[in-house]
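Chemist: Before we start, here is the structure in question, set down as C-alpha coordinates.
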Amino acid sequence: MITQTPFTQNERRSVLGLASLYSARMIGLFMVLPVLVVYGQELPDASPALLGLALGVYGLTQALLQIPLGSLSDRIGRKPVILAGLLVFAAGSVVAAYATSVWWLILGRALQGSGAIAGAVMALLADSTRSEQRTKAMAIVGISIGGSFAIALMLGPVLAAWGGLRLVFLVTAGLAVLGVFITLWRIPAAPIFAELSDESTTHAWHKNTDLWRLNAGVFVLHFTLTAAFMVVPLQLLNTLSLPKELHWQIYAPVLVASVVGLGLLMRLGERAGRPKLAFGLAVLSLSVALWVFNTRLGGSYVGIIGALWCFFVGFNFLEASLPSLLSKRVTQQRRGAAMGSFSTSQFAGAFLGGSGGGLLLQNTDASTLLLVCIALLIAWFLWFWQSTVLLDNALK
(Lines give C-alpha, C1' and ligand atoms only; values in the text may rest on other atoms or scores of the structure.)
Protein backbone atom coordinates (compact mmCIF):
# COMPACT_ATOMS: atom_id res chain seq x y z
CA MET A 1 0.00 0.00 0.00
CA ILE A 2 1.30 3.51 -0.77
CA THR A 3 2.60 4.89 2.50
CA GLN A 4 2.05 8.46 3.61
CA THR A 5 5.62 8.65 4.97
CA PRO A 6 7.39 11.43 3.05
CA PHE A 7 10.50 11.03 0.95
CA THR A 8 13.83 11.94 2.47
CA GLN A 9 15.65 14.88 0.87
CA ASN A 10 17.95 12.55 -1.10
CA GLU A 11 15.04 10.36 -2.18
CA ARG A 12 13.16 13.43 -3.40
CA ARG A 13 16.18 14.67 -5.37
CA SER A 14 16.73 11.24 -6.90
CA VAL A 15 13.11 10.68 -7.84
CA LEU A 16 12.65 14.15 -9.35
CA GLY A 17 16.01 13.97 -11.14
CA LEU A 18 15.32 10.54 -12.61
CA ALA A 19 11.76 11.51 -13.53
CA SER A 20 13.20 14.54 -15.38
CA LEU A 21 15.81 12.37 -17.10
CA TYR A 22 13.23 9.79 -18.11
CA SER A 23 10.86 12.50 -19.32
CA ALA A 24 13.51 14.18 -21.48
CA ARG A 25 14.42 10.86 -23.09
CA MET A 26 10.83 9.69 -23.51
CA ILE A 27 9.70 12.96 -25.07
CA GLY A 28 12.37 12.42 -27.70
CA LEU A 29 11.28 8.83 -28.20
CA PHE A 30 7.52 9.42 -28.21
CA MET A 31 7.68 12.41 -30.60
CA VAL A 32 8.44 9.94 -33.38
CA LEU A 33 5.37 7.76 -32.80
CA PRO A 34 2.66 9.94 -34.39
CA VAL A 35 4.80 11.24 -37.26
CA LEU A 36 7.21 8.56 -38.48
CA VAL A 37 4.70 6.52 -40.48
CA VAL A 38 3.05 9.66 -41.93
CA TYR A 39 6.18 11.65 -42.86
CA GLY A 40 8.38 8.61 -43.52
CA GLN A 41 6.31 7.88 -46.63
CA GLU A 42 8.20 10.74 -48.32
CA LEU A 43 11.57 8.91 -48.06
CA PRO A 44 12.94 6.83 -50.96
CA ASP A 45 12.21 3.06 -50.71
CA ALA A 46 9.52 3.62 -48.06
CA SER A 47 6.84 0.94 -47.61
CA PRO A 48 4.54 -0.02 -44.70
CA ALA A 49 6.83 -2.93 -43.80
CA LEU A 50 10.03 -0.85 -43.86
CA LEU A 51 8.44 2.05 -41.97
CA GLY A 52 7.22 -0.46 -39.41
CA LEU A 53 10.79 -1.76 -39.19
CA ALA A 54 12.07 1.80 -38.71
CA LEU A 55 9.55 2.34 -35.93
CA GLY A 56 10.34 -0.97 -34.25
CA VAL A 57 14.07 -1.54 -34.83
CA TYR A 58 14.78 0.81 -31.94
CA GLY A 59 13.17 -1.82 -29.74
CA LEU A 60 15.30 -4.62 -31.22
CA THR A 61 18.65 -3.04 -30.34
CA GLN A 62 17.26 -1.98 -26.98
CA ALA A 63 16.17 -5.55 -26.32
CA LEU A 64 19.56 -7.01 -27.25
CA LEU A 65 21.52 -4.66 -24.98
CA GLN A 66 19.35 -4.12 -21.89
CA ILE A 67 20.53 -7.23 -19.99
CA PRO A 68 24.27 -6.73 -20.75
CA LEU A 69 24.11 -3.03 -19.83
CA GLY A 70 21.93 -3.70 -16.79
CA SER A 71 24.43 -6.28 -15.57
CA LEU A 72 27.27 -3.87 -16.31
CA SER A 73 25.57 -1.25 -14.16
CA ASP A 74 25.56 -3.77 -11.29
CA ARG A 75 29.36 -3.92 -11.56
CA ILE A 76 30.57 -0.43 -12.50
CA GLY A 77 27.67 1.71 -11.29
CA ARG A 78 24.45 3.05 -12.81
CA LYS A 79 25.61 6.55 -13.82
CA PRO A 80 28.47 5.63 -16.21
CA VAL A 81 26.13 3.30 -18.11
CA ILE A 82 23.39 5.93 -18.24
CA LEU A 83 25.74 8.66 -19.50
CA ALA A 84 27.21 6.48 -22.26
CA GLY A 85 23.74 5.35 -23.34
CA LEU A 86 22.46 8.92 -23.62
CA LEU A 87 25.40 9.89 -25.87
CA VAL A 88 24.82 6.88 -28.16
CA PHE A 89 21.09 7.74 -28.31
CA ALA A 90 21.98 11.32 -29.33
CA ALA A 91 24.30 10.06 -32.08
CA GLY A 92 21.58 7.81 -33.48
CA SER A 93 19.15 10.74 -33.47
CA VAL A 94 21.55 12.77 -35.63
CA VAL A 95 21.94 9.89 -38.12
CA ALA A 96 18.12 9.56 -38.35
CA ALA A 97 17.76 13.34 -38.77
CA TYR A 98 19.93 13.36 -41.89
CA ALA A 99 18.59 10.10 -43.37
CA THR A 100 18.38 10.25 -47.18
CA SER A 101 16.41 7.00 -47.50
CA VAL A 102 14.34 4.73 -45.32
CA TRP A 103 17.42 2.51 -44.86
CA TRP A 104 19.39 5.33 -43.23
CA LEU A 105 16.37 6.04 -41.06
CA ILE A 106 16.37 2.39 -39.96
CA LEU A 107 20.10 2.61 -39.20
CA GLY A 108 19.65 5.76 -37.11
CA ARG A 109 16.79 4.23 -35.15
CA ALA A 110 18.87 1.10 -34.51
CA LEU A 111 21.71 3.25 -33.19
CA GLN A 112 19.27 5.18 -30.99
CA GLY A 113 18.20 1.89 -29.46
CA SER A 114 21.79 0.93 -28.71
CA GLY A 115 21.72 3.49 -25.90
CA ALA A 116 19.87 0.91 -23.81
CA ILE A 117 19.67 2.53 -20.37
CA ALA A 118 16.09 1.91 -19.26
CA GLY A 119 17.09 -1.01 -17.02
CA ALA A 120 19.90 0.99 -15.41
CA VAL A 121 17.64 4.02 -14.87
CA MET A 122 14.87 2.00 -13.22
CA ALA A 123 17.43 0.09 -11.13
CA LEU A 124 18.91 3.41 -9.95
CA LEU A 125 15.43 4.63 -9.03
CA ALA A 126 14.84 1.47 -7.00
CA ASP A 127 18.31 1.75 -5.41
CA SER A 128 17.63 5.33 -4.37
CA THR A 129 14.36 4.70 -2.52
CA ARG A 130 13.32 2.65 0.47
CA SER A 131 11.07 -0.32 -0.17
CA GLU A 132 8.03 1.35 1.38
CA GLN A 133 8.50 4.41 -0.87
CA ARG A 134 9.22 2.56 -4.08
CA THR A 135 5.72 2.24 -5.48
CA LYS A 136 5.19 5.97 -4.99
CA ALA A 137 8.53 6.68 -6.70
CA MET A 138 7.66 4.41 -9.62
CA ALA A 139 4.23 6.05 -9.83
CA ILE A 140 5.83 9.51 -10.07
CA VAL A 141 8.03 8.29 -12.92
CA GLY A 142 4.97 6.65 -14.49
CA ILE A 143 3.07 9.94 -14.32
CA SER A 144 6.09 11.70 -15.84
CA ILE A 145 5.91 9.19 -18.70
CA GLY A 146 2.26 10.09 -19.17
CA GLY A 147 3.22 13.76 -19.23
CA SER A 148 5.95 12.94 -21.72
CA PHE A 149 3.32 11.34 -23.94
CA ALA A 150 1.22 14.50 -23.83
CA ILE A 151 4.13 16.82 -24.60
CA ALA A 152 5.64 14.52 -27.23
CA LEU A 153 2.42 13.86 -29.10
CA MET A 154 1.83 17.60 -29.21
CA LEU A 155 5.40 18.54 -30.16
CA GLY A 156 5.97 15.75 -32.69
CA PRO A 157 3.36 16.84 -35.25
CA VAL A 158 4.15 20.55 -34.71
CA LEU A 159 7.91 20.11 -35.18
CA ALA A 160 7.37 17.81 -38.16
CA ALA A 161 5.11 20.42 -39.76
CA TRP A 162 7.89 23.01 -39.35
CA GLY A 163 10.92 20.98 -40.31
CA GLY A 164 9.92 17.39 -41.12
CA LEU A 165 11.47 14.34 -39.47
CA ARG A 166 14.87 16.10 -39.45
CA LEU A 167 13.74 18.68 -36.89
CA VAL A 168 12.03 16.01 -34.78
CA PHE A 169 15.21 13.94 -34.55
CA LEU A 170 17.48 16.96 -33.94
CA VAL A 171 15.31 18.02 -31.01
CA THR A 172 15.48 14.40 -29.81
CA ALA A 173 19.29 14.59 -29.87
CA GLY A 174 19.15 17.83 -27.88
CA LEU A 175 16.94 16.23 -25.24
CA ALA A 176 19.42 13.37 -24.88
CA VAL A 177 22.20 15.89 -24.22
CA LEU A 178 19.94 17.56 -21.66
CA GLY A 179 19.62 14.14 -20.02
CA VAL A 180 23.43 14.02 -19.68
CA PHE A 181 23.44 17.28 -17.71
CA ILE A 182 20.55 16.11 -15.52
CA THR A 183 22.45 12.90 -14.72
CA LEU A 184 25.64 14.78 -13.84
CA TRP A 185 24.16 17.61 -11.82
CA ARG A 186 20.72 16.65 -10.49
CA ILE A 187 20.88 12.98 -9.50
CA PRO A 188 22.74 12.13 -6.26
CA ALA A 189 24.61 8.88 -5.69
CA ALA A 190 22.32 6.08 -4.55
CA PRO A 191 22.60 4.92 -0.92
CA ILE A 192 22.69 1.26 0.02
CA PHE A 193 19.56 0.15 1.85
CA ALA A 194 19.49 -3.00 3.94
CA GLU A 195 16.33 -4.70 2.72
CA LEU A 196 14.74 -8.08 2.49
CA SER A 197 13.37 -9.61 -0.69
CA ASP A 198 11.25 -12.70 -1.22
CA GLU A 199 13.03 -13.40 -4.50
CA SER A 200 12.87 -17.18 -4.80
CA THR A 201 16.53 -17.69 -5.84
CA THR A 202 18.64 -14.61 -5.21
CA HIS A 203 21.56 -15.71 -7.35
CA ALA A 204 19.34 -16.99 -10.18
CA TRP A 205 16.72 -14.27 -10.56
CA HIS A 206 15.99 -15.48 -14.10
CA LYS A 207 14.43 -18.68 -12.68
CA ASN A 208 11.73 -16.72 -10.86
CA THR A 209 8.43 -17.33 -12.67
CA ASP A 210 6.88 -14.13 -11.33
CA LEU A 211 9.59 -12.03 -12.96
CA TRP A 212 8.76 -13.62 -16.31
CA ARG A 213 5.10 -12.82 -15.77
CA LEU A 214 6.13 -9.19 -15.45
CA ASN A 215 8.47 -9.41 -18.44
CA ALA A 216 5.66 -10.87 -20.52
CA GLY A 217 3.36 -8.08 -19.35
CA VAL A 218 5.65 -5.26 -20.44
CA PHE A 219 6.33 -7.08 -23.74
CA VAL A 220 2.62 -7.20 -24.55
CA LEU A 221 2.10 -3.62 -23.34
CA HIS A 222 4.71 -2.16 -25.68
CA PHE A 223 3.80 -4.46 -28.56
CA THR A 224 0.31 -3.02 -28.24
CA LEU A 225 1.51 0.58 -27.95
CA THR A 226 3.69 0.42 -31.08
CA ALA A 227 1.12 -1.53 -33.08
CA ALA A 228 -1.63 0.92 -32.14
CA PHE A 229 0.47 3.81 -33.46
CA MET A 230 0.76 2.01 -36.77
CA VAL A 231 -3.01 2.40 -36.99
CA VAL A 232 -4.23 5.50 -35.11
CA PRO A 233 -2.26 8.25 -36.96
CA LEU A 234 -3.44 6.90 -40.33
CA GLN A 235 -6.99 6.70 -38.98
CA LEU A 236 -6.86 10.37 -37.98
CA LEU A 237 -5.37 11.30 -41.35
CA ASN A 238 -7.46 9.15 -43.70
CA THR A 239 -10.75 8.43 -41.92
CA LEU A 240 -11.25 11.70 -40.03
CA SER A 241 -9.36 13.80 -42.64
CA LEU A 242 -7.48 15.57 -39.83
CA PRO A 243 -4.32 17.23 -41.22
CA LYS A 244 -1.19 15.59 -39.84
CA GLU A 245 0.09 18.83 -38.30
CA LEU A 246 -3.09 19.01 -36.15
CA HIS A 247 -2.98 15.50 -34.66
CA TRP A 248 -1.57 16.90 -31.42
CA GLN A 249 -4.92 18.61 -30.82
CA ILE A 250 -6.40 15.13 -30.27
CA TYR A 251 -3.53 13.53 -28.37
CA ALA A 252 -2.62 16.25 -25.89
CA PRO A 253 -6.00 16.92 -24.18
CA VAL A 254 -6.81 13.20 -24.08
CA LEU A 255 -3.52 12.44 -22.34
CA VAL A 256 -4.04 15.21 -19.80
CA ALA A 257 -7.56 13.92 -19.09
CA SER A 258 -6.26 10.36 -18.73
CA VAL A 259 -4.43 11.38 -15.53
CA VAL A 260 -7.82 11.30 -13.80
CA GLY A 261 -8.39 7.66 -14.77
CA LEU A 262 -4.81 6.76 -13.84
CA GLY A 263 -5.29 8.27 -10.38
CA LEU A 264 -8.49 6.33 -9.83
CA LEU A 265 -6.87 3.01 -10.78
CA MET A 266 -3.86 3.67 -8.56
CA ARG A 267 -6.09 4.59 -5.65
CA LEU A 268 -8.14 1.43 -6.19
CA GLY A 269 -5.09 -0.83 -6.38
CA GLU A 270 -2.96 0.68 -3.63
CA ARG A 271 -5.09 2.45 -1.07
CA ALA A 272 -8.30 0.45 -1.44
CA GLY A 273 -6.28 -2.79 -1.45
CA ARG A 274 -7.82 -4.24 -4.63
CA PRO A 275 -4.89 -4.72 -7.03
CA LYS A 276 -6.54 -7.55 -9.00
CA LEU A 277 -9.47 -5.32 -9.84
CA ALA A 278 -7.19 -2.40 -10.76
CA PHE A 279 -5.06 -4.55 -13.08
CA GLY A 280 -8.17 -6.14 -14.57
CA LEU A 281 -9.70 -2.74 -15.30
CA ALA A 282 -6.46 -1.54 -16.90
CA VAL A 283 -6.38 -4.52 -19.27
CA LEU A 284 -10.09 -4.11 -19.98
CA SER A 285 -9.57 -0.41 -20.72
CA LEU A 286 -6.82 -1.20 -23.24
CA SER A 287 -8.87 -3.97 -24.86
CA VAL A 288 -11.95 -1.76 -25.20
CA ALA A 289 -9.84 0.96 -26.80
CA LEU A 290 -8.40 -1.45 -29.36
CA TRP A 291 -11.86 -2.83 -30.11
CA VAL A 292 -13.25 0.69 -30.69
CA PHE A 293 -10.37 1.53 -33.05
CA ASN A 294 -11.56 -1.49 -35.03
CA THR A 295 -15.20 -0.43 -35.34
CA ARG A 296 -17.21 2.30 -37.08
CA LEU A 297 -17.22 4.18 -33.79
CA GLY A 298 -13.46 4.56 -34.17
CA GLY A 299 -14.12 6.53 -37.35
CA SER A 300 -15.77 9.36 -35.40
CA TYR A 301 -14.20 12.02 -33.23
CA VAL A 302 -16.19 10.95 -30.18
CA GLY A 303 -15.25 7.32 -30.63
CA ILE A 304 -11.53 7.82 -31.21
CA ILE A 305 -11.17 10.36 -28.38
CA GLY A 306 -12.92 8.01 -25.96
CA ALA A 307 -10.83 5.07 -27.15
CA LEU A 308 -7.58 7.01 -26.80
CA TRP A 309 -8.56 8.02 -23.25
CA CYS A 310 -9.16 4.38 -22.32
CA PHE A 311 -5.91 3.38 -24.02
CA PHE A 312 -3.74 5.88 -22.15
CA VAL A 313 -5.38 5.18 -18.78
CA GLY A 314 -4.68 1.45 -19.08
CA PHE A 315 -1.22 1.92 -20.56
CA ASN A 316 0.01 4.44 -17.98
CA PHE A 317 -1.27 2.39 -15.04
CA LEU A 318 0.53 -0.76 -16.21
CA GLU A 319 3.65 1.21 -17.20
CA ALA A 320 3.92 2.53 -13.62
CA SER A 321 2.89 -0.64 -11.79
CA LEU A 322 4.86 -3.43 -13.49
CA PRO A 323 8.40 -2.13 -12.71
CA SER A 324 7.35 -1.36 -9.13
CA LEU A 325 6.30 -4.98 -8.64
CA LEU A 326 9.53 -6.22 -10.19
CA SER A 327 11.71 -4.06 -7.92
CA LYS A 328 10.15 -5.77 -4.89
CA ARG A 329 10.96 -9.25 -6.15
CA VAL A 330 14.75 -8.92 -6.52
CA THR A 331 17.59 -7.81 -4.27
CA GLN A 332 19.54 -4.62 -4.91
CA GLN A 333 22.60 -6.60 -6.03
CA ARG A 334 20.61 -8.30 -8.83
CA ARG A 335 18.30 -5.42 -9.68
CA GLY A 336 20.25 -4.08 -12.67
CA ALA A 337 20.21 -7.46 -14.41
CA ALA A 338 16.55 -8.06 -13.59
CA MET A 339 15.55 -4.57 -14.76
CA GLY A 340 17.65 -5.17 -17.87
CA SER A 341 15.66 -8.32 -18.56
CA PHE A 342 12.44 -6.40 -18.00
CA SER A 343 13.54 -3.63 -20.36
CA THR A 344 14.64 -6.22 -22.94
CA SER A 345 11.10 -7.56 -22.94
CA GLN A 346 9.71 -4.03 -23.16
CA PHE A 347 11.71 -3.12 -26.23
CA ALA A 348 11.32 -6.52 -27.85
CA GLY A 349 7.60 -5.81 -27.69
CA ALA A 350 8.16 -2.41 -29.30
CA PHE A 351 10.25 -3.99 -32.06
CA LEU A 352 7.74 -6.73 -32.87
CA GLY A 353 4.81 -4.32 -32.54
CA GLY A 354 6.40 -2.09 -35.18
CA SER A 355 7.99 -4.60 -37.55
CA GLY A 356 5.31 -7.28 -37.12
CA GLY A 357 2.58 -4.67 -37.17
CA GLY A 358 3.90 -3.23 -40.42
CA LEU A 359 3.96 -6.68 -42.02
CA LEU A 360 0.42 -7.44 -40.86
CA LEU A 361 -0.83 -4.11 -42.18
CA GLN A 362 0.86 -4.71 -45.52
CA ASN A 363 -0.47 -8.25 -45.90
CA THR A 364 -3.82 -8.17 -44.04
CA ASP A 365 -5.52 -5.15 -42.45
CA ALA A 366 -5.73 -3.04 -39.29
CA SER A 367 -8.48 -5.24 -37.83
CA THR A 368 -6.20 -8.27 -37.73
CA LEU A 369 -3.43 -6.34 -36.01
CA LEU A 370 -5.74 -4.90 -33.35
CA LEU A 371 -7.34 -8.29 -32.65
CA VAL A 372 -3.87 -9.82 -32.17
CA CYS A 373 -3.16 -7.12 -29.57
CA ILE A 374 -6.40 -7.85 -27.71
CA ALA A 375 -5.67 -11.60 -27.67
CA LEU A 376 -2.16 -11.01 -26.30
CA LEU A 377 -3.44 -8.74 -23.54
CA ILE A 378 -6.06 -11.24 -22.40
CA ALA A 379 -3.65 -14.19 -22.52
CA TRP A 380 -1.08 -12.32 -20.43
CA PHE A 381 -3.60 -11.21 -17.84
CA LEU A 382 -4.86 -14.75 -17.34
CA TRP A 383 -1.27 -15.86 -16.58
CA PHE A 384 -0.57 -12.86 -14.37
CA TRP A 385 -3.80 -13.46 -12.39
CA GLN A 386 -2.44 -16.82 -11.19
CA SER A 387 0.32 -15.20 -9.09
CA THR A 388 -0.78 -14.36 -5.58
CA VAL A 389 2.74 -13.26 -4.53
CA LEU A 390 2.93 -10.47 -7.10
CA LEU A 391 -0.46 -9.12 -6.17
CA ASP A 392 0.32 -9.35 -2.46
CA ASN A 393 3.49 -7.33 -3.12
CA ALA A 394 1.36 -4.64 -4.75
CA LEU A 395 0.00 -3.87 -1.28
CA LYS A 396 3.42 -3.50 0.39
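Chain labels A, B, ... are given in the sequence in which chains occur in the C-alpha coordinates; within each chain residues are numbered consecutively from 1, and ligands are likewise numbered from 1 in the order shown.
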Taking the backbone alone, and naming residues the way the document does, which bits of segment 71-297 of chain A are helix (DSSP H, G or I) by DSSP, as number ranges by chain?
Modeler: A: 71-76, 78-97, 102-113, 118-127, 131-185, 202-207, 209-239, 244-246, 248-271, 275-293, 296-297
Chemist: Gly340 of chain A: which residues within 8 Å, counting only C-alpha atoms, same-chain residues fewer than 6 positions away excluded, as a PDB file with N, CA and C atoms, in the first residue's frame?
Modeler:
ATOM      1  N   GLN A  66      19.796  -4.479 -23.244  1.00  0.00           N
ATOM      2  CA  GLN A  66      19.347  -4.123 -21.893  1.00  0.00           C
ATOM      3  C   GLN A  66      19.963  -5.014 -20.822  1.00  0.00           C
ATOM      4  N   ILE A  67      19.975  -6.323 -21.019  1.00  0.00           N
ATOM      5  CA  ILE A  67      20.527  -7.226 -19.994  1.00  0.00           C
ATOM      6  C   ILE A  67      22.032  -7.020 -19.833  1.00  0.00           C
ATOM      7  N   PRO A  68      22.831  -6.987 -20.932  1.00  0.00           N
ATOM      8  CA  PRO A  68      24.267  -6.728 -20.746  1.00  0.00           C
ATOM      9  C   PRO A  68      24.553  -5.402 -20.049  1.00  0.00           C
ATOM     10  N   LEU A  69      23.841  -4.335 -20.443  1.00  0.00           N
ATOM     11  CA  LEU A  69      24.114  -3.034 -19.835  1.00  0.00           C
ATOM     12  C   LEU A  69      23.554  -2.961 -18.415  1.00  0.00           C
ATOM     13  N   GLY A  70      22.442  -3.638 -18.160  1.00  0.00           N
ATOM     14  CA  GLY A  70      21.929  -3.698 -16.790  1.00  0.00           C
ATOM     15  C   GLY A  70      22.892  -4.424 -15.877  1.00  0.00           C
ATOM     16  N   SER A  71      23.440  -5.536 -16.350  1.00  0.00           N
ATOM     17  CA  SER A  71      24.429  -6.280 -15.566  1.00  0.00           C
ATOM     18  C   SER A  71      25.703  -5.460 -15.380  1.00  0.00           C
ATOM     19  N   ALA A 118      17.320   1.948 -20.057  1.00  0.00           N
ATOM     20  CA  ALA A 118      16.089   1.913 -19.262  1.00  0.00           C
ATOM     21  C   ALA A 118      16.246   1.040 -18.022  1.00  0.00           C
ATOM     22  N   GLY A 119      16.891  -0.121 -18.165  1.00  0.00           N
ATOM     23  CA  GLY A 119      17.087  -1.007 -17.019  1.00  0.00           C
ATOM     24  C   GLY A 119      17.936  -0.353 -15.947  1.00  0.00           C
ATOM     25  N   ALA A 120      19.022   0.321 -16.367  1.00  0.00           N
ATOM     26  CA  ALA A 120      19.898   0.988 -15.407  1.00  0.00           C
ATOM     27  C   ALA A 120      19.190   2.148 -14.713  1.00  0.00           C
TER      28      ALA A 120
END
Chemist: List the neighbours of Ala320 of chain A out to 12 Å using only C-alpha atoms; skip same-chain residues closer than 5 positions along the sequence, and give me the result as a PyMOL selection string.
Modeler: chain A and resi 19+122+134-146+218+221+262-263+265-266+279+282+312-315+325-327+394
Chemist: Please identify all polymer residues within 7 Å of segment 77-82 of chain A, counting only C-alpha atoms, omitting same-chain residues fewer than 3 positions from it, and present them as a list in words.
Modeler: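 In the requested form, the answer reads Leu69, Ser73, Asp74, Gly85, Leu86, Ile117, Ala120, Val121 and Leu124 of chain A.
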Chemist: Identify, on the basis of only C-alpha atoms, every residue whose closest approach to Gly179 of chain A does not exceed 7 Å; exclude the query and any residue fewer than 4 positions from it along the same chain; express the result as a PyMOL selection string.
Modeler: chain A and resi 21+24-25+86+175+183
Chemist: Give the answer as one residue: which of A:Gly299, A:Asp210, A:Ser287, A:Leu255 has the shortest atom-to-atom distance to Leu240 of chain A, using only C-alpha atoms?
Modeler: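 For Leu240 of chain A, the nearest of the candidates is A:Gly299.
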Chemist: Which is closest to Leu178 of chain A among A:Leu359, A:Ala379, A:Ile374, A:Ile27, if we use only C-alpha atoms?
Modeler: A:Ile27
Chemist: Between A:Thr224, A:Thr100, A:Ser93, A:Gln9, which has the minimum distance to Ala350 of chain A (counting only C-alpha atoms)?
Modeler: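 Of all the options, A:Thr224 lies closest to Ala350 of chain A.
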Chemist: Suppose you want the space between atom CA of Ser47 of chain A and atom CA of Thr61 of chain A; what is it in Å?
Modeler: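 That distance, rounded to one decimal, is 21.3 Å.
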Chemist: Which residue out of A:Ala338, A:Leu286, A:Ala227, A:Ala216 has the minimum interatomic distance to Trp383 of chain A when only C-alpha atoms are used?
Modeler: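 For Trp383 of chain A, the nearest of the candidates is A:Ala216.
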Chemist: With a distance cut-off of 9 Å and only C-alpha atoms, select the neighbouring residues of Gly17 of chain A, excluding the residue or stretch itself and same-chain residues fewer than 2 positions from it, and output the selection as a PyMOL selection string.
Modeler: chain A and resi 12-15+19-22+182-183+185-188
Chemist: Find, counting only C-alpha atoms, the residue in A:Leu225, A:Leu51, A:Leu33, A:Leu371 that gets nearest to Gly156 of chain A.
Modeler: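 Answer, going by the shortest atom-to-atom distance: A:Leu33.
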Chemist: Please identify all polymer residues within 12 Å of Leu297 of chain A, counting only C-alpha atoms, omitting same-chain residues fewer than 3 positions from it, and present them as number ranges by chain.
Modeler: A: 235, 239-240, 288-294, 300-307
Chemist: Between A:Ser148, A:Ser258, A:Gln386, A:Ser343, single out the one closest to Trp309 of chain A, counting only C-alpha atoms.
Modeler: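 Of A:Ser148, A:Ser258, A:Gln386, A:Ser343, the one nearest Trp309 of chain A is A:Ser258, counting only C-alpha atoms.
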